[in-house]
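S.K.: Dropping a structure here in structure tokens format, bear with me for questions.
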Amino acid sequence: MKYMMFVSTDATAEPYDAAEDNIVEWVQDVDARGVHLMGERLRPAEDATTVRMRKGELVVTDGPFTESKEWIAGFDIIDCRDLDEAIEIASKHPMARFGQIELRPFWPLELDGV
Amino acid sequence: MAPSQPDDAVARAVADAHREEWSRVVATLIRTTGDWDLAEEAVGEAFEKALRRWPADGIPTSPGGWLTTVARNHALDVLRRRTSEQSKYREVAIMRSLEGEADADVEPLAADDRLRLIFTCAHPALPLEARVALTLRTVAGLTTAEIARAFFVPEATMAQRLVRAKGKIRNAGIPYSTPSAEALPARLDGVLAVLYLVYNEGYGPSSGDAVLRVDLAAEAIRLTRLVVSLMPAESEARALLALMVLQHARRAARTRDGELVTLDEQDRALWNAAEVAEGLELLASAPGRGPYRVQAEIQAVHARAVDANATDWRRIADLYAEFARFSDSPFIALNHAISQGFADGPAIGLAELETLAASRRLEGYHLLPAAQAEFLTRAGREVDAAERYREAIALAPTTPERRHLERKLAGLPGAAGQNPTPV
Amino acid sequence: MEYLMLITDEDDGGDAWVPQGADFGAWVADADASGVRIRGDRLRPHGEATIVRRRGGEVLVTDAPLSESKEWIAGYDILEADSLEAAIAVASRHPRARTGHITLHPVWPLDLDGDDHGDHDELNHEMEQGR
């Protein structure tokens with residue numbers, strides 16, 4: 001099953017400790033296990049752009065359109081056996097400790113109506 | 001063919017089978033079909049069939065086996081009638097799983113499908129309400145209507161909750177399995193938390209028609225017994241059962257003529273002695289110092305006291321101090337303060353309660369001023385006690401509790417117990 | 001430049017709206033044909049998400065409470081565009097740009113060989129800012 005991992009900040013998390021950031025190891029581990037399809041770090045919130053079309057007019061605004069103080073710092077796409085494996089993978093990502101990870105299952109189009 | 005009337009023996013046998021076999025049959029059907037709705041439907045069909053066939057055919061030697069076979073056949077019939085490609089794969093998978101065995105490496109605990117079911121229902125990815133509903137529906141075998149009534153929500157709401165829960169299991173890939181050894185401690189905590197929540201819900205505010213409401217406390221105890229039987233090495237599960245059994249043993253003494261009777265006032269002859277004995281035995285067989293163990297020990301101290309005056313409050317105070325290390329809940333702190341007051345005297349109790357009150361963590365909670373009133377009374381300060389009782393009365397969340405506090409206020413010596421003239 | 005494009009609908013995102021393939025099939029075909037779209041998928045609704053945190057050494061798993069989110073990310077695409085303007089142009093043609101909004105997040109590649117430590121310090125700084 002494929003999952004999108006949204007890697008986000010979280011104000012209630014432990015303070016970031018660069019020495020404990022093992023992202024390189026994490027990527028190597030998931031690559032070796034064959035569960036990693038792709039993943040990227042993302043530029044911080046202020047570098048995002050929001051696009052809307054309203055009444056035929058293009059409306060472009062700075063930053064993500066969100067009231068939340070949390071932002072998405074990165075993402076990974078994983079393909080694993082089930083949610084428990086996805087949870088185990090996510091729990092080992094350094095941002096599980098310094099932020100939070102949201103696991104979103106993919107919704108394949110062949111399963112429309114389900 | 002006219003429907004036959006089940007005779008008493010059959011009705012009893014089916015009811016027994018429902019209590020003992022429902023979860024087992026459902027759990028197996030979910031594993032073999034991979035379809036929760038189909039499993040429930042098939043098992044429901046099987047019980048209906050039992051009511052129709054057992055009067056004529058006799059009660060089978062192994063009701064569980066009979067029910068499983070009938071349910072499985074029904075499920076296969078349904079699947080064959082579904083014509084999509086997917087169902088063919090499912091049929092093949094069913095055949096395979098009927099032949100296959102649990103993968104012992106991946107699932108060290110999976111000797112019994114019911115464990116898979118229990119752990120999956122309590123999966124932390126499901127919202128707490130959904131975990132409770134799913135556990136009661138598929139493990140306890142309560143109907144959606146019964147669960148809805150027990151939690152004071154409309155049946156449609158509860159039905160929707162169950163649909164969403166099963167949807168998430170399917171769509172998010174929640175596996176039908178017992179957890180890995182690494183994940184087990186946290187996952188078992190989750191199971192026990194659901195069971196304890198159901199138990200406490202059984203002691204929550206009751207509506208008018210208690211007769212129609214399922215006894216949630218009894219259901220929680222039954223389910224916890226099942227968990228203990230399936231995981232006999234897990235001490236905290238056993239401790240939780242001890243805790244529930246010891247508290248539940250007091251139920252006959254908790255009310256008198258519809259009025260609330262607190263622990264100190266209860267007629268201990270009304271406590272179920274056999275259940276108390278069972279609770280103490282369970283406790284003795286549950287080593288360790290986990291949170292449920294400590295709570296159960298507190299209940300055991302009460303259980304061993306022949307009357308309220310004989311209570312070993314020092315021991316209880318020490319146990320609450322220990323319990324407080326697991327959680328910084330202000331309610332635990334309150335109970336700790338109260339037990340210290342009973343152990344070391346009202347002055348100590350009042351000092352501890354004053355600290356708690358100053359922290360404002362229990363603002364609006366009636367049992368804080370009620371406790372202050374209790375110790376003020378013991379210290380001979382009835383006027384202050386009366387004021388605290390009035391405060392508590394204003395905060396009391398239910399009628400029985402308010403009336404109890406009013407009785408305490410009225411029972412104060414002298415004019416202190418009189419209500420102030422209404423303004 | 002690579003972007004994570006997130007599609008958010010401003011419906012309540014609940015059962016009422018099921019994003020169908022027909023909604024965005026034409027957009028996908030165009031974006032694929034122009035080479036801008038690398039991949040993309042529909043995602044199950046927010047109510048079926050799972051949150052994973054590690055706090056005090058323990059792994060905490062929870063569901064995603066509906067009340068906490070007013071945004072309903074319904075899907076994502078990975079775009080490779082010459083510039084932000086080009087990416088905006090592609091995003092603006094997505095049907096959900098009309099009924100919801102599209103957010104473009106520039107990718108910020110990690111140097112996984114570890115030679116360039118400047119990026120790491122910048123990440124550290126950014127995360128501190130985010131508190």
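By convention in this document, the chains of the structure tokens carry letters A, B, ... by their order, each chain's residues are numbered from 1, and ligands are numbered from 1 in the order they are shown.
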Using DSSP assignments from the backbone, pull out every residue in stretch 36-104 of chain C that falls under alpha helix (DSSP H) and give it to me as a list in words.

M.R.: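 Assigned to alpha helix (DSSP H), within stretch 36-104 of chain C: Leu84, Glu85, Ala86, Ala87, Ile88, Ala89, Val90, Ala91, Ser92, Arg96, Ala97, Arg98 and Thr99 of chain C.
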
S.K.: Excluding C:Arg54 and any residue of its chain fewer than 4 positions from it, enumerate the residues within 10 Å of it, using only C-alpha atoms, and give them as a list in words.

M.R.: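 Neighbouring residues, sequence-local ones excluded: Ala13, Glu14, Ala90, Ser91, Lys92, His93, Pro94, Met95, Ala96, Arg97, Phe98, Gly99, Gln100 and Ile101 of chain A; Glu58, Val59, Leu60 and Val61 of chain C.
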
S.K.: With N, CA and C atoms retained, write the just-selected residues as a CSV table (one decimal), in the first residue's frame.

M.R.:
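Output below, filename again_5.csv:
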chain,number,residue,atom,x,y,z
A,13,ALA,N,6.7,19.7,20.0
A,13,ALA,CA,7.8,18.7,19.9
A,13,ALA,C,9.0,19.1,20.6
A,14,GLU,N,9.9,18.1,20.7
A,14,GLU,CA,11.2,18.5,21.4
A,14,GLU,C,12.0,19.5,20.5
A,90,ALA,N,7.6,5.7,9.7
A,90,ALA,CA,7.5,7.1,10.0
A,90,ALA,C,8.0,7.4,11.4
A,91,SER,N,7.9,6.4,12.3
A,91,SER,CA,8.4,6.7,13.7
A,91,SER,C,9.9,6.8,13.8
A,92,LYS,N,10.6,6.3,12.8
A,92,LYS,CA,12.0,6.3,12.8
A,92,LYS,C,12.6,7.5,12.1
A,93,HIS,N,11.7,8.3,11.4
A,93,HIS,CA,12.1,9.5,10.7
A,93,HIS,C,12.4,10.5,11.8
A,94,PRO,N,13.5,11.3,11.7
A,94,PRO,CA,13.9,12.2,12.8
A,94,PRO,C,12.8,13.2,13.1
A,95,MET,N,12.0,13.6,12.1
A,95,MET,CA,10.9,14.6,12.4
A,95,MET,C,9.8,14.0,13.2
A,96,ALA,N,9.8,12.7,13.4
A,96,ALA,CA,8.7,12.2,14.3
A,96,ALA,C,9.0,12.7,15.7
A,97,ARG,N,10.3,13.0,15.9
A,97,ARG,CA,10.7,13.5,17.2
A,97,ARG,C,10.6,15.0,17.3
A,98,PHE,N,11.1,15.7,16.2
A,98,PHE,CA,11.2,17.1,16.3
A,98,PHE,C,9.9,17.8,15.6
A,99,GLY,N,9.0,17.0,15.1
A,99,GLY,CA,7.8,17.5,14.5
A,99,GLY,C,6.8,16.5,14.6
A,100,GLN,N,6.0,16.3,13.5
A,100,GLN,CA,5.1,15.2,13.4
A,100,GLN,C,4.9,14.7,12.0
A,101,ILE,N,4.5,13.5,11.8
A,101,ILE,CA,4.4,12.9,10.5
A,101,ILE,C,2.9,12.5,10.3
C,58,GLU,N,8.9,7.6,23.3
C,58,GLU,CA,7.7,6.7,23.0
C,58,GLU,C,7.1,7.1,21.6
C,59,VAL,N,6.7,6.1,20.9
C,59,VAL,CA,6.0,6.4,19.6
C,59,VAL,C,4.5,6.6,19.9
C,60,LEU,N,4.0,7.7,19.5
C,60,LEU,CA,2.6,8.1,19.8
C,60,LEU,C,1.9,8.0,18.4
C,61,VAL,N,0.8,7.2,18.3
C,61,VAL,CA,0.1,7.1,17.1
C,61,VAL,C,-1.4,7.6,17.4

S.K.: Which polymer residues have any atom within 6 Å of an atom of A:Val7, counting only C-alpha atoms, with same-chain residues fewer than 2 positions away left out, as an MDAnalysis selection string?

M.R.: chainID A and resid 72:75 101

S.K.: Keeping only C-alpha atoms, write the selected residues as a tab-separated table (two decimals), in the first residue's frame.

M.R.:
chain	number	residue	atom	x	y	z
A	72	ILE	CA	5.04	20.94	5.80
A	73	ALA	CA	8.81	20.60	5.89
A	74	GLY	CA	9.05	17.63	3.60
A	75	PHE	CA	7.33	14.62	2.16
A	101	ILE	CA	4.37	12.90	10.49

S.K.: One decimal, in Å: what's the spacing between atom CA of A:Gly56 and atom CA of C:Glu2?

M.R.: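 A separation of 26.5 Å between them.
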
S.K.: Write out as a PyMOL selection string every residue belonging to chain B that has an atom at most 8 Å from any atom of chain C, counting only C-alpha atoms.

M.R.: chain B and resi 124-127+168+171-172

S.K.: Can you tell me which residues surround stretch 22-28 of chain C at a distance of at most 8 Å, considering only C-alpha atoms, apart from same-chain residues fewer than 3 positions away, and format the answer as a list in words?

M.R.: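 Residues near the query, excluding close chain neighbours: Pro19, Ala31, Asp32, Arg37, Arg93, His94 and Pro95 of chain C.
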
S.K.: Please save N, CA and C atoms of the selected residues as a CSV table (one decimal), in the first residue's frame.

M.R.:
chain,number,residue,atom,x,y,z
C,19,PRO,N,-13.6,13.1,-4.9
C,19,PRO,CA,-12.9,13.5,-6.2
C,19,PRO,C,-12.8,12.4,-7.2
C,31,ALA,N,-0.8,17.9,-18.5
C,31,ALA,CA,0.4,18.1,-17.7
C,31,ALA,C,1.4,17.0,-17.9
C,32,ASP,N,0.9,15.8,-18.1
C,32,ASP,CA,1.8,14.7,-18.5
C,32,ASP,C,2.4,14.9,-19.8
C,37,ARG,N,4.4,17.3,-15.4
C,37,ARG,CA,4.0,16.4,-14.3
C,37,ARG,C,4.8,15.2,-14.2
C,93,ARG,N,-4.6,25.8,-14.1
C,93,ARG,CA,-5.5,25.1,-15.0
C,93,ARG,C,-6.2,23.9,-14.3
C,94,HIS,N,-5.7,23.6,-13.1
C,94,HIS,CA,-6.3,22.4,-12.4
C,94,HIS,C,-7.8,22.8,-12.0
C,95,PRO,N,-8.7,22.0,-12.2
C,95,PRO,CA,-10.1,22.3,-11.8
C,95,PRO,C,-10.3,22.7,-10.3

S.K.: Enumerate as a PyMOL selection string the residues belonging to chain A that approach chain B to within 10 Å, with only C-alpha atoms taken into account.

M.R.: chain A and resi 1-3+80-88+103-107+114

S.K.: Keeping only C-alpha atoms, write the selected residues to a file as a compact mmCIF listing (two decimals), in the first residue's frame.

M.R.:
# COMPACT_ATOMS: atom_id res chain seq x y z
CA MET A 1 0.00 0.00 0.00
CA LYS A 2 1.20 3.45 -0.84
CA TYR A 3 1.24 6.27 1.66
CA CYS A 80 4.78 -0.95 2.25
CA ARG A 81 2.80 -3.89 3.54
CA ASP A 82 0.26 -2.10 5.71
CA LEU A 83 -0.31 0.82 8.05
CA ASP A 84 1.67 -0.77 10.87
CA GLU A 85 4.75 -0.93 8.69
CA ALA A 86 4.14 2.66 7.56
CA ILE A 87 3.88 3.71 11.21
CA GLU A 88 7.13 1.95 12.03
CA LEU A 103 0.39 9.24 6.95
CA ARG A 104 -2.14 9.61 4.16
CA PRO A 105 -3.13 6.52 2.23
CA PHE A 106 -3.30 6.81 -1.53
CA TRP A 107 -6.74 6.59 -3.08
CA VAL A 114 -15.39 2.62 -2.72

S.K.: Using only C-alpha atoms, which residues of chain C come within 6 Å of chain A, and what is the closest atom pair for each, with the distance in Å to one decimal? Give it as JSON lines, sorted by chain and residue number.

M.R.:
{"residue": "C:Arg42", "atom": "CA", "partner": "A:Trp107", "partner_atom": "CA", "distance": 5.2}
{"residue": "C:Leu43", "atom": "CA", "partner": "A:Phe106", "partner_atom": "CA", "distance": 4.4}
{"residue": "C:Arg44", "atom": "CA", "partner": "A:Trp107", "partner_atom": "CA", "distance": 5.1}
{"residue": "C:Ala49", "atom": "CA", "partner": "A:Arg104", "partner_atom": "CA", "distance": 4.8}
{"residue": "C:Thr50", "atom": "CA", "partner": "A:Leu103", "partner_atom": "CA", "distance": 5.1}
{"residue": "C:Ile51", "atom": "CA", "partner": "A:Glu102", "partner_atom": "CA", "distance": 4.5}
{"residue": "C:Val52", "atom": "CA", "partner": "A:Ile101", "partner_atom": "CA", "distance": 5.1}
{"residue": "C:Arg53", "atom": "CA", "partner": "A:Ala96", "partner_atom": "CA", "distance": 4.5}
{"residue": "C:Arg54", "atom": "CA", "partner": "A:Arg97", "partner_atom": "CA", "distance": 4.5}
{"residue": "C:Ala97", "atom": "CA", "partner": "A:Arg52", "partner_atom": "CA", "distance": 4.7}
{"residue": "C:Arg98", "atom": "CA", "partner": "A:Met53", "partner_atom": "CA", "distance": 4.6}
{"residue": "C:His101", "atom": "CA", "partner": "A:Arg52", "partner_atom": "CA", "distance": 5.0}
{"residue": "C:Ile102", "atom": "CA", "partner": "A:Val51", "partner_atom": "CA", "distance": 5.1}
{"residue": "C:Thr103", "atom": "CA", "partner": "A:Thr50", "partner_atom": "CA", "distance": 4.3}
{"residue": "C:Leu104", "atom": "CA", "partner": "A:Thr49", "partner_atom": "CA", "distance": 5.1}
{"residue": "C:His105", "atom": "CA", "partner": "A:Ala48", "partner_atom": "CA", "distance": 4.7}
{"residue": "C:Pro106", "atom": "CA", "partner": "A:Arg43", "partner_atom": "CA", "distance": 5.6}
{"residue": "C:Val107", "atom": "CA", "partner": "A:Leu42", "partner_atom": "CA", "distance": 4.4}
{"residue": "C:Trp108", "atom": "CA", "partner": "A:Leu42", "partner_atom": "CA", "distance": 4.7}
{"residue": "C:Pro109", "atom": "CA", "partner": "A:Arg41", "partner_atom": "CA", "distance": 5.8}
{"residue": "C:Leu112", "atom": "CA", "partner": "A:Val24", "partner_atom": "CA", "distance": 5.9}
{"residue": "C:Arg131", "atom": "CA", "partner": "A:Ala11", "partner_atom": "CA", "distance": 5.5}

S.K.: Could you please take those selected residues and save C-alpha atoms as a tab-separated table (two decimals), in the first residue's frame?

M.R.:
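The resulting file, again02.tsv, is shown below:
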chain	number	residue	atom	x	y	z
C	42	ARG	CA	-5.37	11.20	-5.11
C	43	LEU	CA	-5.21	10.82	-1.33
C	44	ARG	CA	-7.73	9.40	1.11
C	49	ALA	CA	-4.92	9.92	8.11
C	50	THR	CA	-2.70	8.70	10.92
C	51	ILE	CA	-0.37	10.97	12.89
C	52	VAL	CA	2.93	9.59	14.13
C	53	ARG	CA	5.08	11.34	16.73
C	54	ARG	CA	7.94	10.35	18.97
C	97	ALA	CA	-7.97	25.91	-8.43
C	98	ARG	CA	-11.50	27.15	-9.08
C	101	HIS	CA	-6.77	26.16	-3.95
C	102	ILE	CA	-3.45	24.77	-5.08
C	103	THR	CA	-0.24	25.29	-3.14
C	104	LEU	CA	3.17	25.02	-4.71
C	105	HIS	CA	5.98	24.05	-2.35
C	106	PRO	CA	9.47	24.33	-3.82
C	107	VAL	CA	11.60	21.32	-3.19
C	108	TRP	CA	14.73	21.94	-1.14
C	109	PRO	CA	17.02	18.99	-1.88
C	112	LEU	CA	22.61	13.29	1.24
C	131	ARG	CA	8.60	27.40	16.74

S.K.: For a quick check of understanding, using only C-alpha atoms, which of B:Ile59, B:Leu367, B:Ala385, B:Leu334 has the smallest distance to B:Val14?

M.R.: B:Ile59

S.K.: I'd like the interatomic distance between atom CA of C:His46 and atom CA of B:Leu184, to a tenth of an Å.

M.R.: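 Those two atoms sit 26.5 Å apart.
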
S.K.: What does the structure give for the distance between atom CA of B:Asp328 and atom CA of B:Tyr203, in Å to one decimal?

M.R.: 23.0 Å

S.K.: Which residues are near B:Thr311? Cut-off 7 Å, only C-alpha atoms, ignore same chain within fewer than 6 positions. Put them as a ChimeraX atom specification.

M.R.: /B:301-302,305

S.K.: Okay, now the selection with N, CA and C atoms, as a PDB file, in the first residue's frame?

M.R.:
ATOM      1  N   VAL B 301      -7.303  -2.515  49.300  1.00  0.00           N
ATOM      2  CA  VAL B 301      -7.221  -2.003  50.676  1.00  0.00           C
ATOM      3  C   VAL B 301      -8.634  -1.722  51.199  1.00  0.00           C
ATOM      4  N   HIS B 302      -9.457  -1.107  50.366  1.00  0.00           N
ATOM      5  CA  HIS B 302     -10.852  -0.878  50.765  1.00  0.00           C
ATOM      6  C   HIS B 302     -11.566  -2.197  51.003  1.00  0.00           C
ATOM      7  N   ALA B 305     -10.989  -3.907  54.361  1.00  0.00           N
ATOM      8  CA  ALA B 305     -11.412  -3.242  55.601  1.00  0.00           C
ATOM      9  C   ALA B 305     -12.823  -3.684  55.963  1.00  0.00           C
TER      10      ALA B 305
END

S.K.: As a VMD selection string, please: the residues near B:Arg390 (cut-off 9 Å, only C-alpha atoms, same-chain neighbours under 3 positions excluded).

M.R.: chain B and resid 369 to 370 385 to 387 393 to 395 405 to 406 409 419

S.K.: Do a neighbour search on B:Phe47 at 12 Å with only C-alpha atoms, toss out local chain neighbours closer than 5 positions, and write the hits as a short mmCIF file (atom, residue, chain, number, x, y, z; two decimals) with N, CA and C atoms, in the first residue's frame.

M.R.:
data_model
loop_
_atom_site.label_atom_id
_atom_site.label_comp_id
_atom_site.auth_asym_id
_atom_site.auth_seq_id
_atom_site.Cartn_x
_atom_site.Cartn_y
_atom_site.Cartn_z
N VAL B 10 -33.19 -24.42 23.52
CA VAL B 10 -32.53 -23.90 22.32
C VAL B 10 -32.21 -22.42 22.50
N ALA B 11 -33.20 -21.68 23.01
CA ALA B 11 -32.98 -20.24 23.21
C ALA B 11 -31.78 -20.00 24.12
N ALA B 13 -29.32 -22.13 24.66
CA ALA B 13 -28.10 -22.57 24.00
C ALA B 13 -27.59 -21.51 23.02
N VAL B 14 -28.54 -20.90 22.31
CA VAL B 14 -28.13 -19.87 21.35
C VAL B 14 -27.58 -18.65 22.09
N ALA B 15 -28.23 -18.29 23.19
CA ALA B 15 -27.75 -17.15 23.98
C ALA B 15 -26.35 -17.43 24.55
N ASP B 16 -26.17 -18.66 25.04
CA ASP B 16 -24.84 -19.05 25.54
C ASP B 16 -23.81 -18.98 24.43
N ALA B 17 -24.21 -19.54 23.28
CA ALA B 17 -23.29 -19.55 22.14
C ALA B 17 -22.95 -18.12 21.72
N HIS B 18 -23.93 -17.26 21.79
CA HIS B 18 -23.69 -15.85 21.43
C HIS B 18 -22.65 -15.24 22.35
N ARG B 19 -22.81 -15.49 23.63
CA ARG B 19 -21.89 -14.91 24.60
C ARG B 19 -20.49 -15.49 24.44
N GLU B 21 -19.28 -17.55 21.78
CA GLU B 21 -18.71 -17.84 20.46
C GLU B 21 -18.74 -16.67 19.49
N TRP B 22 -19.59 -15.67 19.74
CA TRP B 22 -19.73 -14.58 18.76
C TRP B 22 -18.38 -14.06 18.32
N VAL B 25 -16.23 -16.55 16.26
CA VAL B 25 -16.68 -16.80 14.89
C VAL B 25 -16.46 -15.56 14.01
N VAL B 26 -16.82 -14.40 14.52
CA VAL B 26 -16.61 -13.16 13.76
C VAL B 26 -15.13 -12.98 13.43
N GLU B 40 -19.79 -9.93 9.75
CA GLU B 40 -20.89 -9.70 10.69
C GLU B 40 -22.20 -10.23 10.15
N GLU B 41 -22.43 -9.99 8.86
CA GLU B 41 -23.68 -10.45 8.24
C GLU B 41 -23.75 -11.98 8.29
N ALA B 42 -22.64 -12.61 7.93
CA ALA B 42 -22.62 -14.07 7.88
C ALA B 42 -22.82 -14.68 9.26
N ARG B 52 -33.46 -21.46 14.05
CA ARG B 52 -34.45 -22.15 13.22
C ARG B 52 -34.20 -23.67 13.20
N ARG B 53 -32.92 -24.06 13.20
CA ARG B 53 -32.61 -25.47 12.93
C ARG B 53 -32.43 -26.31 14.20
N TRP B 54 -31.91 -25.70 15.27
CA TRP B 54 -31.60 -26.52 16.45
C TRP B 54 -32.81 -27.14 17.12
N PRO B 63 -21.22 -26.04 19.30
CA PRO B 63 -21.97 -24.93 18.69
C PRO B 63 -21.07 -23.99 17.91
N GLY B 64 -19.86 -23.73 18.45
CA GLY B 64 -18.92 -22.82 17.78
C GLY B 64 -18.55 -23.32 16.40
N TRP B 66 -20.22 -25.46 14.54
CA TRP B 66 -21.42 -25.41 13.69
C TRP B 66 -21.62 -24.01 13.14
N LEU B 67 -21.55 -23.04 14.03
CA LEU B 67 -21.78 -21.65 13.64
C LEU B 67 -20.73 -21.18 12.63
N THR B 68 -19.47 -21.55 12.89
CA THR B 68 -18.40 -21.13 11.98
C THR B 68 -18.63 -21.70 10.59
N THR B 69 -18.98 -22.98 10.52
CA THR B 69 -19.20 -23.61 9.22
C THR B 69 -20.35 -22.94 8.47
N VAL B 70 -21.45 -22.73 9.17
CA VAL B 70 -22.61 -22.11 8.52
C VAL B 70 -22.27 -20.70 8.07
N ALA B 71 -21.57 -19.94 8.92
CA ALA B 71 -21.21 -18.56 8.57
C ALA B 71 -20.28 -18.54 7.36
N HIS B 74 -22.17 -19.29 4.21
CA HIS B 74 -22.95 -18.13 3.80
C HIS B 74 -22.07 -17.09 3.13
N GLY B 141 -20.26 -8.26 20.64
CA GLY B 141 -21.47 -8.72 19.94
C GLY B 141 -22.72 -7.92 20.26
#
